[in-house]
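Student: Structure file entry-v4.csv (CSV, C-alpha atoms) right here:
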```
chain,number,residue,atom,x,y,z
A,1,MET,CA,14.4,-0.8,17.1
A,2,SER,CA,17.1,-3.3,17.2
A,3,SER,CA,17.8,-2.7,20.8
A,4,LEU,CA,14.3,-3.9,21.7
A,5,VAL,CA,14.7,-7.0,19.6
A,6,ALA,CA,16.2,-10.0,21.3
A,7,GLY,CA,16.3,-13.5,20.0
A,8,GLY,CA,14.8,-12.4,16.7
A,9,VAL,CA,11.4,-11.6,18.1
A,10,GLY,CA,10.5,-8.0,18.5
A,11,PRO,CA,7.5,-6.2,19.8
A,12,GLY,CA,6.4,-5.5,16.2
A,13,MET,CA,4.6,-8.1,14.1
A,14,GLY,CA,7.1,-10.9,14.2
A,15,PRO,CA,7.5,-13.6,11.6
A,16,ASP,CA,8.4,-15.9,14.5
A,17,ASP,CA,5.1,-15.3,16.2
A,18,GLU,CA,3.2,-18.4,17.2
A,19,VAL,CA,-0.2,-18.4,15.5
A,20,ARG,CA,-3.3,-20.0,16.9
A,21,GLU,CA,-6.5,-20.4,15.0
A,22,VAL,CA,-9.4,-20.2,17.4
A,23,PRO,CA,-13.1,-20.7,16.6
A,24,ALA,CA,-15.2,-17.6,17.1
A,25,ALA,CA,-17.1,-19.3,19.9
A,26,GLU,CA,-13.9,-19.8,21.8
A,27,TRP,CA,-12.5,-16.3,21.1
A,28,VAL,CA,-12.7,-14.9,24.7
A,29,SER,CA,-11.6,-18.2,26.3
A,30,GLY,CA,-8.7,-18.6,23.9
A,31,VAL,CA,-7.4,-15.1,24.7
A,32,SER,CA,-7.9,-15.5,28.4
A,33,GLY,CA,-6.0,-18.9,28.2
A,34,ALA,CA,-3.1,-17.1,26.5
A,35,LEU,CA,-3.1,-14.4,29.2
A,36,ALA,CA,-2.9,-17.2,31.8
A,37,GLU,CA,0.1,-18.6,29.9
A,38,GLY,CA,1.9,-15.4,30.5
A,39,PHE,CA,1.2,-13.6,27.2
A,40,THR,CA,0.0,-10.6,29.2
A,41,TRP,CA,1.2,-7.7,27.1
A,42,PHE,CA,-1.6,-6.7,24.7
A,43,ASP,CA,-0.1,-5.4,21.4
A,44,SER,CA,-3.0,-5.0,19.0
A,45,LEU,CA,-6.3,-6.3,17.6
A,46,HIS,CA,-7.3,-5.8,14.1
A,47,ALA,CA,-9.3,-7.3,11.2
A,48,VAL,CA,-8.6,-8.3,7.6
A,49,ASP,CA,-11.3,-8.6,4.9
A,50,GLU,CA,-10.4,-11.9,3.2
A,51,PHE,CA,-12.9,-11.5,0.4
A,52,GLY,CA,-12.3,-13.8,-2.5
A,53,ARG,CA,-10.8,-16.6,-0.3
A,54,PRO,CA,-13.9,-18.2,1.1
A,55,HIS,CA,-13.7,-20.4,4.1
A,56,PRO,CA,-15.2,-23.9,3.6
A,57,GLU,CA,-17.8,-23.4,6.3
A,58,LEU,CA,-18.1,-19.7,6.8
A,59,GLY,CA,-17.8,-18.6,3.2
A,60,GLU,CA,-16.7,-15.1,2.7
A,61,HIS,CA,-15.3,-13.9,6.0
A,62,PHE,CA,-13.3,-11.5,8.1
A,63,ARG,CA,-10.2,-12.6,10.0
A,64,VAL,CA,-9.8,-10.9,13.4
A,65,LEU,CA,-6.5,-11.2,15.1
A,66,CYS,CA,-5.2,-10.3,18.5
A,67,ARG,CA,-1.4,-10.2,19.2
A,68,LEU,CA,-0.1,-10.7,22.7
A,69,VAL,CA,3.5,-10.7,23.9
A,70,ARG,CA,5.2,-12.6,26.8
A,71,TRP,CA,8.3,-11.0,28.1
A,72,GLY,CA,10.5,-13.8,29.2
A,73,GLU,CA,14.2,-14.2,30.0
A,74,GLN,CA,15.0,-15.0,26.4
A,75,GLY,CA,13.3,-11.8,25.3
A,76,PRO,CA,9.8,-11.1,24.1
A,77,ALA,CA,7.7,-13.9,22.4
A,78,GLY,CA,4.7,-13.0,20.3
A,79,LEU,CA,1.5,-14.9,20.0
A,80,GLN,CA,-1.2,-14.2,17.5
A,81,LEU,CA,-4.7,-15.5,18.0
A,82,HIS,CA,-6.7,-15.6,14.8
A,83,THR,CA,-10.4,-16.2,14.4
A,84,ARG,CA,-12.7,-16.0,11.4
A,85,ILE,CA,-16.2,-14.7,11.3
A,86,ALA,CA,-18.8,-14.7,8.5
A,87,ARG,CA,-18.7,-11.5,6.4
A,88,GLU,CA,-22.5,-11.3,6.5
A,89,ASP,CA,-23.6,-9.8,9.8
A,90,PRO,CA,-20.2,-10.1,11.5
A,91,ILE,CA,-20.4,-10.5,15.3
A,92,LEU,CA,-17.7,-11.4,17.8
A,93,PRO,CA,-17.7,-11.2,21.6
A,94,SER,CA,-15.7,-8.3,23.0
A,95,LEU,CA,-12.4,-8.8,24.8
A,96,GLY,CA,-13.2,-5.8,27.0
A,97,GLU,CA,-13.8,-7.9,30.1
A,98,ILE,CA,-10.4,-9.4,30.1
A,99,ILE,CA,-8.4,-6.7,28.3
A,100,PRO,CA,-10.0,-3.3,28.8
A,101,GLY,CA,-7.6,-1.6,26.3
A,102,ALA,CA,-8.8,-3.9,23.5
A,103,THR,CA,-12.1,-2.0,23.2
A,104,TRP,CA,-10.3,0.9,21.5
A,105,HIS,CA,-9.1,-1.5,18.8
A,106,GLU,CA,-12.5,-3.1,18.6
A,107,ARG,CA,-14.1,0.3,18.0
A,108,GLU,CA,-11.6,0.8,15.2
A,109,ALA,CA,-12.4,-2.6,13.7
A,110,HIS,CA,-16.1,-1.8,14.0
A,111,ASP,CA,-15.7,1.5,12.2
A,112,PHE,CA,-13.5,0.1,9.4
A,113,PHE,CA,-15.3,-3.3,8.8
A,114,GLY,CA,-18.7,-3.0,10.5
A,115,ILE,CA,-17.9,-5.9,12.9
A,116,THR,CA,-20.0,-5.8,16.1
A,117,PHE,CA,-18.2,-6.7,19.3
A,118,THR,CA,-20.9,-7.8,21.7
A,119,GLY,CA,-20.5,-6.5,25.3
A,120,GLY,CA,-17.9,-4.0,24.1
A,121,ASP,CA,-17.9,-0.2,23.5
A,122,SER,CA,-20.1,0.5,20.5
A,123,ARG,CA,-19.4,4.2,20.2
A,124,PRO,CA,-18.0,5.2,16.8
A,125,LEU,CA,-14.3,6.1,17.0
A,126,LEU,CA,-13.2,7.2,13.6
A,127,VAL,CA,-16.0,6.8,11.1
A,128,HIS,CA,-19.1,8.7,12.1
A,129,GLN,CA,-22.5,8.5,10.6
A,130,ALA,CA,-23.3,11.3,8.1
A,131,ALA,CA,-26.7,12.9,8.3
A,132,GLY,CA,-29.2,11.2,6.0
A,133,VAL,CA,-27.2,8.1,5.6
A,134,ALA,CA,-28.5,4.9,7.1
A,135,GLU,CA,-25.2,3.1,7.5
A,136,PRO,CA,-21.8,4.7,7.2
A,137,LEU,CA,-19.3,3.3,4.7
A,138,ARG,CA,-17.0,0.7,6.1
A,139,PRO,CA,-13.9,1.9,4.3
A,140,LEU,CA,-11.7,-1.2,4.7
A,141,ARG,CA,-14.2,-3.6,3.3
A,142,LYS,CA,-13.0,-4.7,-0.1
A,143,ASP,CA,-16.4,-4.0,-1.8
A,144,VAL,CA,-16.5,-0.3,-0.7
A,145,VAL,CA,-16.0,2.2,-3.5
A,146,LEU,CA,-14.1,5.2,-2.2
A,147,ALA,CA,-15.9,8.1,-4.1
A,148,ALA,CA,-13.1,10.6,-3.5
A,149,ARG,CA,-10.8,8.3,-5.6
A,150,VAL,CA,-13.2,8.3,-8.5
A,151,THR,CA,-13.2,12.1,-8.8
A,152,ARG,CA,-9.5,12.6,-8.3
A,153,PRO,CA,-7.2,12.1,-11.3
A,154,TRP,CA,-4.8,9.2,-10.6
A,155,PRO,CA,-1.1,10.3,-11.0
A,156,GLY,CA,-0.2,6.8,-12.3
A,157,ALA,CA,-2.3,7.1,-15.4
A,158,ARG,CA,0.5,9.0,-17.2
A,159,ASP,CA,2.8,7.0,-19.3
A,160,PRO,CA,5.9,8.9,-20.4
A,161,GLU,CA,6.7,6.5,-23.2
A,162,ALA,CA,3.2,6.6,-24.7
A,163,ASP,CA,2.7,10.3,-24.1
A,164,SER,CA,5.6,11.2,-26.5
A,165,GLY,CA,4.8,9.6,-29.8
A,166,ALA,CA,6.2,6.2,-30.3
A,167,GLY,CA,4.1,4.1,-28.0
A,168,ARG,CA,0.9,6.0,-28.5
A,169,ALA,CA,-0.8,3.4,-30.7
A,170,GLN,CA,0.0,0.7,-28.2
A,171,ALA,CA,-1.2,2.8,-25.2
A,172,SER,CA,-4.6,3.4,-26.6
A,173,ARG,CA,-5.2,-0.3,-26.5
A,174,ARG,CA,-4.1,-0.8,-22.9
A,175,ARG,CA,-4.3,1.5,-19.9
A,176,MET,CA,-3.5,1.4,-16.3
A,177,ALA,CA,-6.3,1.5,-13.8
A,178,PRO,CA,-5.7,2.3,-10.1
A,179,ALA,CA,-6.7,-0.2,-7.4
A,180,GLY,CA,-9.7,0.8,-5.4
A,181,VAL,CA,-11.4,2.7,-8.2
A,182,PRO,CA,-14.2,0.9,-10.0
A,183,ASP,CA,-13.4,0.2,-13.6
A,184,LEU,CA,-16.5,1.2,-15.6
A,185,ASP,CA,-15.8,-1.4,-18.2
A,186,LEU,CA,-16.1,-4.1,-15.6
A,187,TRP,CA,-18.6,-2.6,-13.3
A,188,GLY,CA,-20.8,-0.9,-15.9
A,189,ALA,CA,-23.2,1.9,-15.4
A,190,ARG,CA,-25.6,1.1,-12.6
A,191,ALA,CA,-28.9,2.7,-11.7
A,192,GLU,CA,-29.1,4.1,-8.2
A,193,GLY,CA,-30.6,1.8,-5.7
A,194,ASP,CA,-29.4,-1.2,-7.7
A,195,PRO,CA,-26.1,-2.0,-5.8
A,196,ALA,CA,-23.7,-4.3,-7.5
A,197,PRO,CA,-23.0,-7.7,-5.9
A,198,ALA,CA,-19.9,-7.6,-3.7
A,199,ASP,CA,-17.8,-9.9,-6.0
A,200,GLU,CA,-18.5,-7.7,-9.0
A,201,VAL,CA,-17.4,-4.6,-7.1
A,202,VAL,CA,-14.2,-6.2,-5.8
A,203,GLN,CA,-13.4,-7.3,-9.3
A,204,ALA,CA,-13.9,-3.8,-10.6
A,205,LEU,CA,-11.6,-2.5,-7.9
A,206,GLN,CA,-8.6,-4.7,-8.7
A,207,GLY,CA,-6.6,-2.2,-10.8
A,208,GLY,CA,-3.6,-3.0,-12.9
A,209,ARG,CA,-3.6,-3.3,-16.7
A,210,VAL,CA,-7.1,-3.2,-18.1
A,211,ARG,CA,-7.9,-3.9,-21.7
A,212,ARG,CA,-10.1,-1.4,-23.2
A,213,ARG,CA,-13.4,-2.7,-24.5
A,214,ARG,CA,-14.1,-2.3,-28.1
B,215,MET,CA,18.5,1.1,10.4
B,216,THR,CA,17.7,4.6,9.1
B,217,THR,CA,14.7,6.2,10.7
B,218,HIS,CA,11.7,6.8,8.5
B,219,GLY,CA,12.1,10.6,8.4
B,220,ARG,CA,11.6,11.3,4.8
B,221,ILE,CA,12.2,9.7,1.4
B,222,ARG,CA,15.2,10.7,-0.7
B,223,LEU,CA,15.3,10.7,-4.5
B,224,ILE,CA,18.5,9.6,-6.1
B,225,GLU,CA,17.7,11.2,-9.5
B,226,ASP,CA,20.5,9.6,-11.5
B,227,ARG,CA,19.0,6.2,-10.9
B,228,CYS,CA,15.4,7.2,-11.7
B,229,THR,CA,14.1,6.0,-15.1
B,230,SER,CA,10.6,7.6,-14.8
B,231,CYS,CA,9.1,4.1,-15.0
B,232,MET,CA,6.1,5.2,-12.9
B,233,ILE,CA,6.1,2.1,-10.7
B,234,CYS,CA,6.4,4.1,-7.4
B,235,VAL,CA,3.6,6.5,-8.6
B,236,ARG,CA,1.3,3.5,-9.3
B,237,GLU,CA,2.1,1.5,-6.2
B,238,CYS,CA,1.6,4.5,-3.8
B,239,PRO,CA,-1.5,3.8,-1.8
B,240,THR,CA,-2.1,7.5,-1.1
B,241,TRP,CA,-1.3,8.8,-4.6
B,242,CYS,CA,1.3,11.2,-3.1
B,243,ILE,CA,4.0,10.9,-5.8
B,244,HIS,CA,3.7,12.8,-9.1
B,245,ILE,CA,6.1,12.3,-12.0
B,246,GLU,CA,6.3,14.4,-15.2
B,247,ALA,CA,8.5,12.9,-17.8
B,248,HIS,CA,8.9,12.6,-21.6
B,249,SER,CA,10.7,10.2,-23.8
B,250,GLU,CA,13.5,11.3,-26.0
B,251,GLU,CA,15.1,9.6,-29.0
B,252,LEU,CA,18.8,8.6,-28.8
B,253,PRO,CA,20.8,8.4,-32.1
B,254,PRO,CA,21.9,5.0,-33.1
B,255,THR,CA,25.1,3.9,-31.4
B,256,THR,CA,27.0,2.2,-34.1
B,257,PRO,CA,30.0,0.5,-32.6
B,258,GLU,CA,33.2,2.3,-33.8
B,259,ALA,CA,35.0,-0.9,-34.3
B,260,GLY,CA,32.6,-2.1,-36.9
B,261,LEU,CA,32.9,1.0,-39.0
B,262,GLY,CA,34.7,0.7,-42.3
B,263,ARG,CA,34.7,-3.0,-42.1
B,264,PRO,CA,33.2,-4.8,-45.1
B,265,GLY,CA,29.6,-5.6,-44.6
B,266,VAL,CA,29.1,-3.2,-41.7
B,267,HIS,CA,26.9,-0.3,-42.8
B,268,PRO,CA,27.5,2.9,-40.9
B,269,SER,CA,23.8,3.4,-40.2
B,270,ARG,CA,23.2,0.1,-38.7
B,271,GLY,CA,21.8,0.2,-35.2
B,272,ARG,CA,18.5,1.5,-34.1
B,273,GLU,CA,17.3,4.6,-32.6
B,274,ARG,CA,16.5,4.1,-28.9
B,275,ARG,CA,14.1,5.9,-26.7
B,276,HIS,CA,14.7,6.7,-23.1
B,277,ASN,CA,12.6,8.6,-20.5
B,278,VAL,CA,13.7,12.0,-19.3
B,279,LEU,CA,12.5,13.1,-15.9
B,280,ASP,CA,11.0,16.6,-15.9
B,281,SER,CA,9.6,16.7,-12.3
B,282,PHE,CA,9.3,14.4,-9.3
B,283,ASP,CA,7.1,15.6,-6.5
B,284,ILE,CA,6.1,14.0,-3.2
B,285,ASP,CA,3.2,15.5,-1.3
B,286,TRP,CA,4.1,15.0,2.4
B,287,SER,CA,0.6,15.9,3.5
B,288,LEU,CA,-0.6,12.7,1.8
B,289,CYS,CA,2.4,10.4,2.4
B,290,MET,CA,1.9,7.9,5.2
B,291,TYR,CA,5.6,6.8,5.2
B,292,CYS,CA,4.8,3.2,4.4
B,293,GLY,CA,7.9,2.8,2.2
B,294,ILE,CA,6.1,0.8,-0.5
B,295,CYS,CA,7.7,3.1,-3.2
B,296,ILE,CA,11.1,2.4,-1.8
B,297,GLU,CA,10.4,-1.4,-1.7
B,298,GLU,CA,9.0,-1.4,-5.3
B,299,CYS,CA,11.6,0.8,-7.1
B,300,PRO,CA,13.6,-1.6,-9.3
B,301,PHE,CA,16.5,0.9,-9.6
B,302,ASP,CA,16.9,1.8,-5.9
B,303,ALA,CA,16.2,5.4,-6.8
B,304,LEU,CA,14.3,6.0,-3.5
B,305,GLU,CA,15.6,5.5,0.0
B,306,TRP,CA,14.8,6.4,3.6
B,307,ALA,CA,16.6,9.5,4.8
B,308,GLY,CA,16.8,10.2,8.5
B,309,GLU,CA,15.9,13.9,8.8
B,310,HIS,CA,12.2,14.6,9.1
B,311,VAL,CA,10.1,16.8,6.8
B,312,ALA,CA,10.0,20.3,8.2
B,313,GLY,CA,6.7,21.9,9.0
B,314,THR,CA,5.4,24.7,6.8
B,315,ASP,CA,2.7,27.3,7.1
B,316,SER,CA,0.8,26.2,4.0
B,317,ARG,CA,-0.2,22.9,2.5
B,318,ALA,CA,1.6,23.7,-0.7
B,319,GLY,CA,4.9,23.9,1.2
B,320,LEU,CA,4.6,20.2,1.9
B,321,VAL,CA,5.0,19.3,-1.7
B,322,HIS,CA,8.7,18.8,-2.3
B,323,ASP,CA,10.2,18.8,-5.8
B,324,ARG,CA,13.0,16.8,-7.1
B,325,HIS,CA,15.7,19.2,-5.8
B,326,THR,CA,14.4,19.1,-2.3
B,327,LEU,CA,13.9,15.4,-2.4
B,328,GLY,CA,17.3,14.9,-3.8
B,329,GLU,CA,19.2,16.7,-1.0
B,330,GLY,CA,22.1,14.6,0.0
B,331,ALA,CA,21.6,12.3,-3.0
B,332,ALA,CA,24.7,13.3,-5.0
B,333,GLU,CA,27.0,11.9,-2.4
B,334,ARG,CA,24.8,8.8,-2.0
B,335,GLY,CA,24.7,8.2,-5.8
B,336,GLN,CA,28.5,8.4,-6.0
B,337,ARG,CA,28.8,6.0,-3.1
B,338,GLY,CA,26.3,3.7,-4.8
B,339,GLN,CA,28.3,3.9,-8.0
B,340,ARG,CA,31.5,2.9,-6.2
B,341,GLU,CA,29.7,-0.1,-4.7
B,342,ILE,CA,28.7,-1.2,-8.2
B,343,GLU,CA,32.2,-0.7,-9.5
```
Can the structure from this file be put into structure tokens for me?
Tutor:
Amino acid sequence: MSSLVAGGVGPGMGPDDEVREVPAAEWVSGVSGALAEGFTWFDSLHAVDEFGRPHPELGEHFRVLCRLVRWGEQGPAGLQLHTRIAREDPILPSLGEIIPGATWHEREAHDFFGITFTGGDSRPLLVHQAAGVAEPLRPLRKDVVLAARVTRPWPGARDPEADSGAGRAQASRRRMAPAGVPDLDLWGARAEGDPAPADEVVQALQGGRVRRRR
Amino acid sequence: MTTHGRIRLIEDRCTSCMICVRECPTWCIHIEAHSEELPPTTPEAGLGRPGVHPSRGRERRHNVLDSFDIDWSLCMYCGICIEECPFDALEWAGEHVAGTDSRAGLVHDRHTLGEGAAERGQRGQREIE
């Protein structure tokens, strides 16, 4: 690794990367501008669900970022282009015309977050539609409950101190909940076909110490 | 930098605090432990002096590790457990996890995970001293 790093900037995500915020409408032109500046090595494209940190105009949103590298005489320099798109019906133009390899990453972002990249490759890559399900789960969205986690016992639920006597009384009042599994006290029992609002689901998935309801 | 081959357990440093188990995103670490009572440690110097009762001092509890397993078929080598361990009981080790012919063979116990740790623990101890 260190042999590839020169001047403190490596090909991995660098803390020294320049970061440019680009409006979604200027996404393709922003990236092609960076290519023209010499940032011609495409590293990656991915998305982040920034649920709970609403943007003043877009509200709840996804951040999509593309990292490019310029290989100069002083070693590689990284550039990250960030854009934000509304979480509701997320659409972004594809970079496929200017960086053909980016479509692979866009397919991944589509599968994980449900972002549509117009003009790109819309074939599913990792998450395929199950029979009888209208829309497959988008597993990296923060309001998606991963059913497998609900049915599997969490290894972190054990508490060696409480399990052997002394702390037992204390432990019955508090307990640890794993992140990503809905806490029934917060989420409550819900009738099928009555989906919880996203913010309630996200809250129920936080994990950590949960006070047991009386 | 050590390659991310496997994760080594330095058992002497582990306090069975469960932090690694709870932080692991793939739930691949399993710890079994119990807590034991330690007798009060009354300072010798205080004994026999006026006003110092021999039974002063409290019983203490400490955790005793019974088993520590990592399931390498679930581990994604993210290193969060190593980052989070407050006692540096986990570290990267260079050699990679060997392949097996069954899934159960990818669950390594404390002895397998601790290979090479004795020497590391001693070195760590010397650094502290």
Student: Define the interface residues of chain B facing chain A as those within 7 Å, counting all atoms listed in the file, and report them as a short mmCIF file (atom, residue, chain, number, x, y, z; two decimals) with C-alpha atoms, keeping the file's coordinate frame.
Tutor:
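Result written to out_0.cif:
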```
data_model
loop_
_atom_site.label_atom_id
_atom_site.label_comp_id
_atom_site.auth_asym_id
_atom_site.auth_seq_id
_atom_site.Cartn_x
_atom_site.Cartn_y
_atom_site.Cartn_z
CA MET B 232 6.10 5.20 -12.90
CA VAL B 235 3.60 6.50 -8.60
CA ARG B 236 1.30 3.50 -9.30
CA TRP B 241 -1.30 8.80 -4.60
CA HIS B 244 3.70 12.80 -9.10
CA ALA B 247 8.50 12.90 -17.80
CA HIS B 248 8.90 12.60 -21.60
CA SER B 249 10.70 10.20 -23.80
CA ASN B 277 12.60 8.60 -20.50
#
```
Student: For the atom pair atom CA of Glu26 of chain A and atom CA of Pro93 of chain A, what is the interatomic distance in Å to one decimal place?
Tutor: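 Taking atom CA of Glu26 of chain A as the start and atom CA of Pro93 of chain A as the end point, the length is 9.4 Å.
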Student: What gap, in Å, lies between atom CA of Glu57 of chain A and atom CA of Gly30 of chain A?
Tutor: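 Atom-to-atom, atom CA of Glu57 of chain A to atom CA of Gly30 of chain A, that is 20.4 Å.
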Student: If I take atom CA of Cys242 of chain B and atom CA of Ser287 of chain B, how far is one from the other in Å, to one decimal?
Tutor: 8.1 Å
Student: Using only C-alpha atoms, which of the listed residues (A:Val201, A:Val22, A:Val64, A:Val145) sits closest to Ser94 of chain A?
Tutor: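 Ranked by minimum distance to Ser94 of chain A, first place goes to A:Val64.
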